[in-house]
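J.: Quick one: structure below, then a few questions.
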Amino acid sequence: MYDNLRMQSVQTPIIPVVGELIRANPGTISLGQGVAYYGPPPEAGEYLQRFWSDPQNHKYKLVQGIPELLEAIEKKLAAENGIRVGPDQRIVVTAGANMGFVNAVLAITDPGDEIILNLPYYFNHEMAIAMADGEAVCVPTDENYQLQPEAIENAVTDRTRAVVTISPNNPTGAVYAENLLRRVNDLCRRHGIYHISDEAYEYFTYDGARHFSPGAIEGSSAHTISLFSLSKAYGFASWRIGWMVVPERLFMPIRKIQDTVLICAPVISQWAAVGAMHAGRAYCEDRLRETREIRRLVLQRLAEIADLVTIPQADGAFYLLARVHTDLDPMLLARRLIEEYNVAVIPGTTFGIQDRCLLRIAYGALQKDTAAEGIGRLVRGLRAILDK
């Protein structure tokens, strides 16, 4: 039987691989998957009553989303992001930001076209480009995982269709400086390509860092694609709700794609999202106090092994991408940490970094006591393995 060569070229998602190792080693604490420790606000459940009260909600709805959610999103974008959706733009509700990214890639590329990713990249972005028969062109960030606009511009060719930025960043936790995002957005404008801005972690910033939305830049609406998600901030991961803000010219191709793949985001989830957004940002901020405390604890413990591990500045999301001072293969090191010390992290190779040993540490899913135990196991494990 014929095996599809395109799919063979797509990397295997790392989270399920690590998940299998965790299941094979009971008692393992995961510092791997990036989810929030809490669930949705009560208002999400309350709004489900509106879903059940109307039998028409069991039928297909508009591809772009139900009016009530579109209205809530538009208000949120204006108030929090400085993005005022005009007649030259559209909001499209998606099944999470990942679907929004796939929609964007399929809408703007032909086979062989290029999309610039900043290293280390988010692995699902690279996978989506490969599935679309595109080419991911990787540009390194600096030592603090910040953007390098000159390097990005030097990578632009006549096949380039977009530059992708993720801020706050997965996997590094970096929050990109506003001036760098502005420069990237401007080079996209000058070259007639799109700036895809993934902002799924927009609420997760620390130590005075501020999130900036490139879609708020004056004159950026024609070339900026902004992606958002409720999965992290509102504890909404399994409900699969996100949205994209796109230039009007992309609405028709995106509608074709989404109508084929999904038709519309699950209507019951959209109603829950309306309720969550009525609860507002304060819901997330209340829970961020615990996340900030866990982050402080994690950084303190990792400082104990600063001779073995370097932690670049990470003022956002709930990740650290640690540089481990070893020549060990990062997947082998991650496997040993699970099997010998019952703690799981993600190897940096899955984020496109092949020439050094990096480990992504995620601390958003755990409450304080479990996080303390997990990071303690990681510190002990790294000390024991690397000191041999």
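Residue numbering restarts at 1 in every chain; chains get A, B, ... in the order shown in the structure tokens, and ligands count up from 1 in that same order.
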Excluding Tyr201 of chain A and residues on its chain fewer than 6 positions from it, collect all residues at most 12 Å away from it, counting only C-alpha atoms, and give them as a ChimeraX atom specification.
T.: /A:34-36,97,166-175,210-213,227-235,242,284,288,315-319,364
J.: Which polymer residues have any atom within 10 Å of an atom of segment 129-133 of chain A, counting only C-alpha atoms, with same-chain residues fewer than 6 positions away left out, as a VMD selection string?
T.: chain A and resid 6 to 11 101 to 102 105 to 106 109 to 115
J.: Write the selection just made, keeping N, CA and C atoms, as a PDB file, in the first residue's frame?
T.:
ATOM      1  N   ARG A   6       4.402  13.079   1.948  1.00  0.00           N
ATOM      2  CA  ARG A   6       4.284  14.369   2.622  1.00  0.00           C
ATOM      3  C   ARG A   6       4.146  14.172   4.122  1.00  0.00           C
ATOM      4  N   MET A   7       3.288  13.252   4.539  1.00  0.00           N
ATOM      5  CA  MET A   7       3.083  13.056   5.967  1.00  0.00           C
ATOM      6  C   MET A   7       4.287  12.397   6.630  1.00  0.00           C
ATOM      7  N   GLN A   8       5.037  11.609   5.858  1.00  0.00           N
ATOM      8  CA  GLN A   8       6.254  11.032   6.431  1.00  0.00           C
ATOM      9  C   GLN A   8       7.270  12.111   6.770  1.00  0.00           C
ATOM     10  N   SER A   9       7.207  13.237   6.068  1.00  0.00           N
ATOM     11  CA  SER A   9       8.157  14.327   6.317  1.00  0.00           C
ATOM     12  C   SER A   9       7.770  15.188   7.509  1.00  0.00           C
ATOM     13  N   VAL A  10       6.561  14.990   8.035  1.00  0.00           N
ATOM     14  CA  VAL A  10       6.077  15.782   9.168  1.00  0.00           C
ATOM     15  C   VAL A  10       6.534  15.131  10.465  1.00  0.00           C
ATOM     16  N   GLN A  11       7.128  15.919  11.344  1.00  0.00           N
ATOM     17  CA  GLN A  11       7.613  15.351  12.598  1.00  0.00           C
ATOM     18  C   GLN A  11       6.477  14.790  13.436  1.00  0.00           C
ATOM     19  N   PHE A 101      -4.036  28.987  12.666  1.00  0.00           N
ATOM     20  CA  PHE A 101      -2.770  28.984  11.947  1.00  0.00           C
ATOM     21  C   PHE A 101      -2.868  28.147  10.679  1.00  0.00           C
ATOM     22  N   VAL A 102      -3.467  26.971  10.772  1.00  0.00           N
ATOM     23  CA  VAL A 102      -3.640  26.131   9.588  1.00  0.00           C
ATOM     24  C   VAL A 102      -4.482  26.856   8.542  1.00  0.00           C
ATOM     25  N   VAL A 105      -2.213  29.439   6.830  1.00  0.00           N
ATOM     26  CA  VAL A 105      -1.215  28.850   5.935  1.00  0.00           C
ATOM     27  C   VAL A 105      -1.861  28.394   4.631  1.00  0.00           C
ATOM     28  N   LEU A 106      -2.988  27.708   4.728  1.00  0.00           N
ATOM     29  CA  LEU A 106      -3.650  27.226   3.519  1.00  0.00           C
ATOM     30  C   LEU A 106      -4.181  28.372   2.668  1.00  0.00           C
ATOM     31  N   THR A 109      -0.719  30.378   0.949  1.00  0.00           N
ATOM     32  CA  THR A 109       0.408  29.714   0.296  1.00  0.00           C
ATOM     33  C   THR A 109      -0.037  28.771  -0.806  1.00  0.00           C
ATOM     34  N   ASP A 110       0.856  28.591  -1.759  1.00  0.00           N
ATOM     35  CA  ASP A 110       0.807  27.501  -2.721  1.00  0.00           C
ATOM     36  C   ASP A 110       1.941  26.541  -2.385  1.00  0.00           C
ATOM     37  N   PRO A 111       1.893  25.296  -2.890  1.00  0.00           N
ATOM     38  CA  PRO A 111       2.990  24.368  -2.622  1.00  0.00           C
ATOM     39  C   PRO A 111       4.342  24.973  -3.008  1.00  0.00           C
ATOM     40  N   GLY A 112       5.302  24.837  -2.099  1.00  0.00           N
ATOM     41  CA  GLY A 112       6.635  25.374  -2.327  1.00  0.00           C
ATOM     42  C   GLY A 112       6.853  26.768  -1.795  1.00  0.00           C
ATOM     43  N   ASP A 113       5.788  27.457  -1.399  1.00  0.00           N
ATOM     44  CA  ASP A 113       5.945  28.789  -0.812  1.00  0.00           C
ATOM     45  C   ASP A 113       6.589  28.689   0.569  1.00  0.00           C
ATOM     46  N   GLU A 114       7.171  29.798   0.995  1.00  0.00           N
ATOM     47  CA  GLU A 114       7.944  29.828   2.230  1.00  0.00           C
ATOM     48  C   GLU A 114       7.266  30.662   3.309  1.00  0.00           C
ATOM     49  N   ILE A 115       7.379  30.196   4.534  1.00  0.00           N
ATOM     50  CA  ILE A 115       6.952  30.961   5.702  1.00  0.00           C
ATOM     51  C   ILE A 115       8.108  30.992   6.678  1.00  0.00           C
TER      52      ILE A 115
END
J.: Which of segment 263-354 of chain A counts as strand (DSSP E or B) under DSSP, as a compact mmCIF listing (two decimals) with N, CA and C atoms, in the first residue's frame please?
T.:
# COMPACT_ATOMS: atom_id res chain seq x y z
N VAL A 309 22.96 24.62 34.09
CA VAL A 309 21.83 25.04 33.26
C VAL A 309 21.78 26.56 33.19
N THR A 310 21.60 27.11 31.99
CA THR A 310 21.38 28.54 31.81
C THR A 310 19.93 28.78 31.44
N GLY A 316 7.28 35.71 30.06
CA GLY A 316 5.92 35.48 29.61
C GLY A 316 5.58 34.02 29.45
N TYR A 319 6.61 29.03 30.31
CA TYR A 319 7.68 28.16 29.85
C TYR A 319 9.05 28.77 30.15
N LEU A 320 10.01 27.88 30.33
CA LEU A 320 11.43 28.22 30.32
C LEU A 320 12.09 27.27 29.33
N LEU A 321 12.97 27.78 28.49
CA LEU A 321 13.73 26.91 27.59
C LEU A 321 15.17 26.91 28.08
N ALA A 322 15.48 25.89 28.85
CA ALA A 322 16.77 25.81 29.55
C ALA A 322 17.87 25.32 28.62
N ARG A 323 19.03 25.99 28.68
CA ARG A 323 20.22 25.53 27.97
C ARG A 323 21.03 24.67 28.94
N VAL A 324 21.10 23.38 28.63
CA VAL A 324 21.79 22.45 29.52
C VAL A 324 23.22 22.28 29.04
N VAL A 343 10.15 12.75 36.42
CA VAL A 343 9.79 14.11 36.06
C VAL A 343 9.95 14.26 34.54
N ALA A 344 8.98 14.90 33.90
CA ALA A 344 8.96 14.99 32.44
C ALA A 344 9.15 16.42 31.97
N ILE A 346 10.29 18.58 27.93
CA ILE A 346 10.24 18.39 26.49
C ILE A 346 11.60 18.73 25.88
N PRO A 347 12.16 17.84 25.05
CA PRO A 347 13.47 18.11 24.44
C PRO A 347 13.39 19.22 23.40
J.: Pick out the residues sitting within 8 Å of Cys138 of chain A, and hand them over as a list in words; count only C-alpha atoms, and ignore anything fewer than 2 positions along from it in its own chain.
T.: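 Surrounding residues, per the criterion: Ile116, Leu117, Asn118, Leu119, Ala136 and Pro140 of chain A.
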J.: Generate a file of the selected residues that holds C-alpha atoms, formatted as a PDB file, in the first residue's frame.
T.:
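Written file, out21.pdb:
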ATOM      1  CA  ILE A 116       9.576  32.358   8.053  1.00  0.00           C
ATOM      2  CA  LEU A 117       9.629  30.916  11.572  1.00  0.00           C
ATOM      3  CA  ASN A 118      11.799  32.253  14.373  1.00  0.00           C
ATOM      4  CA  LEU A 119      13.909  29.645  16.139  1.00  0.00           C
ATOM      5  CA  ALA A 136       9.545  26.595   6.816  1.00  0.00           C
ATOM      6  CA  PRO A 140      17.567  32.273  14.781  1.00  0.00           C
TER       7      PRO A 140
END
J.: May I have the residues within 9 Å of Thr141 of chain A as a list in words, using only C-alpha atoms and disregarding those fewer than 5 positions away in the same chain?
T.: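 In the requested format, the answer is Asn118, Leu119, Pro120, Gln146, Leu147, Gln148 and Ala151 of chain A.
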J.: Take the residues from that selection and write them out as a tab-separated table (two decimals), in the first residue's frame, keeping C-alpha atoms.
T.:
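Final file, result_19.tsv:
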chain	number	residue	atom	x	y	z
A	118	ASN	CA	11.80	32.25	14.37
A	119	LEU	CA	13.91	29.64	16.14
A	120	PRO	CA	13.08	27.98	18.36
A	146	GLN	CA	14.47	37.98	21.03
A	147	LEU	CA	13.70	38.67	17.36
A	148	GLN	CA	16.42	39.70	14.92
A	151	ALA	CA	18.13	38.34	9.87
J.: Restricting the calculation to only C-alpha atoms, which member of A:Ile241, A:Ile361, A:Cys188, A:Ala209 is positioned closest to Val267 of chain A?
T.: A:Ile241
J.: Taking 2 positions as the minimum chain separation for residues in the same chain, which residues sit within 8 Å of Gln33 of chain A when counting only C-alpha atoms? Answer as an MDAnalysis selection string.
T.: chainID A and resid 15 30:31 35 362 365
J.: Could you pull out the helix (DSSP H, G or I) residues of segment 199-365 of chain A from DSSP and send them as an MDAnalysis selection string?
T.: chainID A and resid 214:216 237:239 248:261 267:279 281:303 330:341 348:351
J.: What's the 7 Å shell around segment 84-91 of chain A, counting only C-alpha atoms, without same-chain residues fewer than 2 positions away, as a PyMOL selection string?
T.: chain A and resi 64+70+74+77-78+82+93+221+243-248+251
J.: Taking only C-alpha atoms into account, name the residue in A:Arg50, A:Glu150, A:Gly100, A:Asn25 that is nearest to Arg255 of chain A.
T.: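 Smallest distance to Arg255 of chain A is found for A:Gly100.
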J.: Expressed in Å to a single decimal, how great is the separation between atom CA of Ala79 of chain A and atom CA of Pro214 of chain A?
T.: 14.8 Å
J.: Could you list, as a VMD selection string, every residue within 10 Å of Ile305 of chain A, counting only C-alpha atoms and ignoring same-chain residues fewer than 6 positions away?
T.: chain A and resid 379 to 380 382 to 383
